[in-house]
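A short worksheet on the structure shown next.
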Amino acid sequence: MELEAVADGGPATAAEATLTPTGVVRVEKVRGRSAVTRCFAKYPLKIIVPSKVGPASSGAVWLYVLTYGGGIVSGDKISCAVTVGDGCMAAMTTQASTKVYKAVGSKCSEQVLEATVGKDALLAVIPDPVTCFSTARYYQKQVFHVSGDSNLVIVDWFTSGRYESGEKWDFNSYKSVNHILLEEYQPLFIDSVLLEQGSNCTIAERMQEYNVVAMVVLSGPKLKQIQDQMQDEVKNMMSVQLRPPTSGGGRYAARPQAVQPQRPPLVASCSPFGRTGTGMVARIVAVSTESVYTFLRRHLAALEPFLGVAPYSSS
């Protein structure tokens with residue numbers, strides 16, 4: 001059993017009590033700054049809390065969520081409960097992609113995160129992608145409890161596998177569920193992604209040349225400017241990439257041959273959610289992992305004043 005305790009903050013909160021977790025983290029205000037007051041993890045989960053990430057003035061807590069062996073073994077069930085108190089700021093990330101190893105029989109690897117984000121608080125869940133090996137079965141669920149002025153960033157993404165080694169969309173199944181709930185469990189955002197091998201059409205046939213699928217969720221008043229900027233930039237980028245080719249030549253030029261349109265290496269779209277456009281979701285598919293890292297670096301760089309370091313700046 002692995003136990004890492006920064007401090008014992010007393011009895012568990014409601015979010016922590018709803019699970020039988022392999023990890024528990026609580027962030028609260030201590031002397032006016034965000035601080036980890038409880039941190040517990042047991043095998044196969046490990047949580048590292050660096051003493052400092054970025055300038056001390058940022059005041060954000062960073063949590064690195066790891067697994068022993070660098071991946072999730074078939075049949076592993078990992079659950080984590082996180083509470084970010086009122087006015088606090090925290091970021092959850094990883095040190096590398098989360099590897100999901102080959103399934104043994106019909107066993108599925110599972111990860112569950114349940115988080116509560118307090119009033120005027122910010123939680124950024126910004127991991128590296130999930131990479132499922134051949135025959136792997138993976139299930140992930142993330143539930144976020146927020147108030148009207150909570151702020152939340154979610155990056156949820158996965159790759160086709162070890163595609164550079166020729167292993168492409170060869171896992172058996174992948175499912176990711178994300179729920180954002182307001183007070184009294186009123187749904188604000190519900191999303192589910194499911195990919196599984198079919199008898200008539202494989203995942204690889206459906207995904208064609210694309211190797212990465214990503215979703216970015218931004219919600220809360222602190223993030224409104226970042227939302228607006230991302231929507232504008234994505235709209236401009238895609239209007240250029242998806243513009244049909246125009247033929248050159250004058251009035252008497254020969255009729256041009258039909259040109260087969262090429263799919264862009266990265267496709268993105270944005271849409272608001274919530275009654276007053278409180279949140280925004282961006283969806284991305286791309287040929288390469290690096291192109292998505294570049295997208296995330298560019299569009300989440302404005303989080304640096306909150307977190308002390310721009311997300312994915314060292315990826």
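Each chain of the structure tokens is named A, B, ... in the order shown, its residues numbered from 1; ligands are numbered from 1 in display order.
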Distance query region 150-152 of chain A at most 8 Å, only C-alpha atoms, self and fewer than 4 positions along chain excluded, as a PyMOL selection string: chain A and resi 117-125+146+217-223
Using DSSP assignments from the backbone, pull out every residue in region 19-217 of chain A that falls under helix (DSSP H, G or I) and give it to me as a compact mmCIF listing (two decimals) with N, CA and C atoms, in the first residue's frame.
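Heads up, here's the output in out.txt:
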```txt
# COMPACT_ATOMS: atom_id res chain seq x y z
N ALA A 56 5.90 31.75 -7.27
CA ALA A 56 5.16 31.59 -6.02
C ALA A 56 3.91 32.46 -5.98
N SER A 57 3.91 33.55 -6.75
CA SER A 57 2.78 34.48 -6.72
C SER A 57 1.52 33.90 -7.34
N SER A 58 1.63 32.80 -8.13
CA SER A 58 0.44 32.25 -8.80
C SER A 58 -0.53 31.65 -7.80
N TYR A 68 1.81 3.14 -10.89
CA TYR A 68 3.03 2.34 -10.84
C TYR A 68 3.16 1.54 -12.14
N GLY A 69 4.36 1.49 -12.68
CA GLY A 69 4.58 0.79 -13.93
C GLY A 69 4.28 1.63 -15.15
N GLY A 70 3.82 2.88 -14.93
CA GLY A 70 3.59 3.78 -16.05
C GLY A 70 2.33 3.52 -16.85
N TYR A 163 0.65 4.08 -32.69
CA TYR A 163 0.48 4.10 -34.14
C TYR A 163 1.79 4.26 -34.88
N GLU A 164 2.80 4.83 -34.22
CA GLU A 164 4.10 4.96 -34.89
C GLU A 164 4.77 3.60 -35.05
N SER A 165 4.30 2.61 -34.27
CA SER A 165 4.82 1.24 -34.40
C SER A 165 3.86 0.36 -35.18
N GLU A 183 -25.69 22.60 -8.43
CA GLU A 183 -26.31 22.24 -7.15
C GLU A 183 -27.54 21.37 -7.38
N GLU A 184 -27.79 20.49 -6.43
CA GLU A 184 -28.91 19.55 -6.47
C GLU A 184 -28.84 18.66 -7.71
N TYR A 185 -27.60 18.40 -8.15
CA TYR A 185 -27.33 17.46 -9.24
C TYR A 185 -28.00 17.87 -10.57
N ILE A 203 -12.79 0.08 -35.92
CA ILE A 203 -12.53 1.47 -35.51
C ILE A 203 -11.58 2.14 -36.51
N ALA A 204 -10.57 1.41 -36.94
CA ALA A 204 -9.59 1.97 -37.88
C ALA A 204 -10.25 2.39 -39.19
N GLU A 205 -11.20 1.61 -39.68
CA GLU A 205 -11.91 1.97 -40.91
C GLU A 205 -12.73 3.23 -40.72
N ARG A 206 -13.32 3.40 -39.55
CA ARG A 206 -14.14 4.58 -39.29
C ARG A 206 -13.28 5.83 -39.10
N MET A 207 -12.14 5.67 -38.43
CA MET A 207 -11.30 6.84 -38.13
C MET A 207 -10.39 7.23 -39.28
```
Sel. of strand (DSSP E or B) residues, region 79-205 of chain A, as a ChimeraX atom specification: /A:79-84,89-93,98-100,109-117,122-125,130-132,137-146,151-159,173-181,187-196
Sorted per-residue table, region 118-144 of chain A near region 71-77 of chain A, closest atoms and distance, 12 Å, only C-alpha atoms, as a tab-separated table:
```
residue	atom	partner	partner_atom	distance
A:Pro129	CA	A:Gly71	CA	11.9
A:Val130	CA	A:Gly71	CA	9.5
A:Thr131	CA	A:Gly71	CA	9.3
A:Cys132	CA	A:Ile72	CA	9.5
A:Phe133	CA	A:Gly71	CA	10.4
A:Ser134	CA	A:Ser74	CA	11.8
A:Thr135	CA	A:Ser74	CA	10.2
A:Ala136	CA	A:Ser74	CA	7.5
A:Arg137	CA	A:Ser74	CA	7.6
A:Tyr138	CA	A:Ser74	CA	8.6
A:Tyr139	CA	A:Lys77	CA	9.5
A:Gln140	CA	A:Lys77	CA	9.9
A:Lys141	CA	A:Lys77	CA	11.5
```
All residues 12 Å or closer to Gly274 (chain A), only C-alpha atoms, same chain fewer than 4 positions away omitted, as a PyMOL selection string: chain A and resi 148+180-182+186-190+218-220+278-281
Exercise: region 191-197 of chain A partners within 7 Å, only C-alpha atoms, chain neighbours under 6 positions left out, as a list in words: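 Residues near the query, excluding close chain neighbours: Asn172, Ser173, Tyr174, Lys175, Ser176, Val177, Asn178, His179 and Ile203 of chain A.
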Contacts of Thr294 (chain A) at 10 Å (only C-alpha atoms; same-chain gap of 3+ positions) as a PDB file with all heavy atoms, in the first residue's frame:
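Contents of result.pdb, as written:
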```
ATOM      1  N   THR A 289      -0.333  13.407 -32.661  1.00  0.00           N
ATOM      2  CA  THR A 289      -0.435  13.848 -31.277  1.00  0.00           C
ATOM      3  C   THR A 289       0.192  15.222 -31.098  1.00  0.00           C
ATOM      4  O   THR A 289      -0.334  16.072 -30.380  1.00  0.00           O
ATOM      5  CB  THR A 289       0.261  12.833 -30.345  1.00  0.00           C
ATOM      6  OG1 THR A 289      -0.267  11.526 -30.606  1.00  0.00           O
ATOM      7  CG2 THR A 289       0.026  13.177 -28.888  1.00  0.00           C
ATOM      8  N   GLU A 290       1.315  15.463 -31.760  1.00  0.00           N
ATOM      9  CA  GLU A 290       2.018  16.729 -31.602  1.00  0.00           C
ATOM     10  C   GLU A 290       1.157  17.910 -32.054  1.00  0.00           C
ATOM     11  O   GLU A 290       1.220  18.997 -31.457  1.00  0.00           O
ATOM     12  CB  GLU A 290       3.333  16.709 -32.380  1.00  0.00           C
ATOM     13  CG  GLU A 290       4.181  17.971 -32.208  1.00  0.00           C
ATOM     14  CD  GLU A 290       4.451  18.321 -30.755  1.00  0.00           C
ATOM     15  OE1 GLU A 290       4.736  17.409 -29.957  1.00  0.00           O
ATOM     16  OE2 GLU A 290       4.356  19.524 -30.415  1.00  0.00           O
ATOM     17  N   SER A 291       0.345  17.725 -33.097  1.00  0.00           N
ATOM     18  CA  SER A 291      -0.508  18.823 -33.553  1.00  0.00           C
ATOM     19  C   SER A 291      -1.549  19.196 -32.505  1.00  0.00           C
ATOM     20  O   SER A 291      -1.920  20.372 -32.370  1.00  0.00           O
ATOM     21  CB  SER A 291      -1.179  18.462 -34.882  1.00  0.00           C
ATOM     22  OG  SER A 291      -2.081  17.387 -34.717  1.00  0.00           O
ATOM     23  N   ARG A 297      -1.398  24.033 -26.344  1.00  0.00           N
ATOM     24  CA  ARG A 297      -0.469  25.061 -25.870  1.00  0.00           C
ATOM     25  C   ARG A 297      -0.954  26.454 -26.264  1.00  0.00           C
ATOM     26  O   ARG A 297      -0.937  27.387 -25.462  1.00  0.00           O
ATOM     27  CB  ARG A 297       0.929  24.831 -26.448  1.00  0.00           C
ATOM     28  CG  ARG A 297       1.682  23.660 -25.859  1.00  0.00           C
ATOM     29  CD  ARG A 297       3.114  23.638 -26.359  1.00  0.00           C
ATOM     30  NE  ARG A 297       3.675  22.299 -26.291  1.00  0.00           N
ATOM     31  CZ  ARG A 297       3.867  21.501 -27.330  1.00  0.00           C
ATOM     32  NH1 ARG A 297       3.558  21.920 -28.545  1.00  0.00           N
ATOM     33  NH2 ARG A 297       4.372  20.295 -27.173  1.00  0.00           N
ATOM     34  N   ARG A 298      -1.366  26.572 -27.499  1.00  0.00           N
ATOM     35  CA  ARG A 298      -1.778  27.882 -28.022  1.00  0.00           C
ATOM     36  C   ARG A 298      -3.045  28.386 -27.334  1.00  0.00           C
ATOM     37  O   ARG A 298      -3.106  29.536 -26.869  1.00  0.00           O
ATOM     38  CB  ARG A 298      -2.008  27.792 -29.531  1.00  0.00           C
ATOM     39  CG  ARG A 298      -2.571  29.069 -30.144  1.00  0.00           C
ATOM     40  CD  ARG A 298      -2.776  28.923 -31.640  1.00  0.00           C
ATOM     41  NE  ARG A 298      -3.430  30.090 -32.222  1.00  0.00           N
ATOM     42  CZ  ARG A 298      -2.813  31.215 -32.552  1.00  0.00           C
ATOM     43  NH1 ARG A 298      -1.509  31.327 -32.362  1.00  0.00           N
ATOM     44  NH2 ARG A 298      -3.475  32.228 -33.068  1.00  0.00           N
ATOM     45  N   HIS A 299      -4.041  27.530 -27.237  1.00  0.00           N
ATOM     46  CA  HIS A 299      -5.350  27.995 -26.793  1.00  0.00           C
ATOM     47  C   HIS A 299      -5.530  27.983 -25.278  1.00  0.00           C
ATOM     48  O   HIS A 299      -6.492  28.595 -24.776  1.00  0.00           O
ATOM     49  CB  HIS A 299      -6.439  27.179 -27.480  1.00  0.00           C
ATOM     50  CG  HIS A 299      -6.498  27.382 -28.965  1.00  0.00           C
ATOM     51  ND1 HIS A 299      -6.971  28.539 -29.539  1.00  0.00           N
ATOM     52  CD2 HIS A 299      -6.091  26.588 -29.992  1.00  0.00           C
ATOM     53  CE1 HIS A 299      -6.876  28.448 -30.857  1.00  0.00           C
ATOM     54  NE2 HIS A 299      -6.344  27.271 -31.152  1.00  0.00           N
ATOM     55  N   TYR A 312       0.876  22.312 -20.765  1.00  0.00           N
ATOM     56  CA  TYR A 312       1.582  21.600 -21.820  1.00  0.00           C
ATOM     57  C   TYR A 312       2.812  22.364 -22.332  1.00  0.00           C
ATOM     58  O   TYR A 312       3.310  22.071 -23.403  1.00  0.00           O
ATOM     59  CB  TYR A 312       0.629  21.284 -22.990  1.00  0.00           C
ATOM     60  CG  TYR A 312      -0.578  20.507 -22.548  1.00  0.00           C
ATOM     61  CD1 TYR A 312      -1.836  21.106 -22.455  1.00  0.00           C
ATOM     62  CD2 TYR A 312      -0.479  19.152 -22.220  1.00  0.00           C
ATOM     63  CE1 TYR A 312      -2.953  20.393 -22.026  1.00  0.00           C
ATOM     64  CE2 TYR A 312      -1.587  18.437 -21.805  1.00  0.00           C
ATOM     65  CZ  TYR A 312      -2.822  19.060 -21.706  1.00  0.00           C
ATOM     66  OH  TYR A 312      -3.922  18.351 -21.287  1.00  0.00           O
ATOM     67  N   SER A 313       3.298  23.324 -21.564  1.00  0.00           N
ATOM     68  CA  SER A 313       4.441  24.104 -22.016  1.00  0.00           C
ATOM     69  C   SER A 313       5.709  23.272 -22.103  1.00  0.00           C
ATOM     70  O   SER A 313       6.620  23.597 -22.872  1.00  0.00           O
ATOM     71  CB  SER A 313       4.669  25.290 -21.083  1.00  0.00           C
ATOM     72  OG  SER A 313       4.875  24.850 -19.753  1.00  0.00           O
ATOM     73  N   SER A 315       5.578  19.868 -22.738  1.00  0.00           N
ATOM     74  CA  SER A 315       5.258  18.600 -23.406  1.00  0.00           C
ATOM     75  C   SER A 315       5.927  18.534 -24.770  1.00  0.00           C
ATOM     76  O   SER A 315       6.063  19.533 -25.453  1.00  0.00           O
ATOM     77  CB  SER A 315       3.753  18.455 -23.567  1.00  0.00           C
ATOM     78  OG  SER A 315       3.118  18.441 -22.302  1.00  0.00           O
TER      79      SER A 315
END
```
Pairwise distance for CA of Cys39 (chain A) and CA of Leu296 (chain A), rounded to one decimal in Å: 28.2 Å
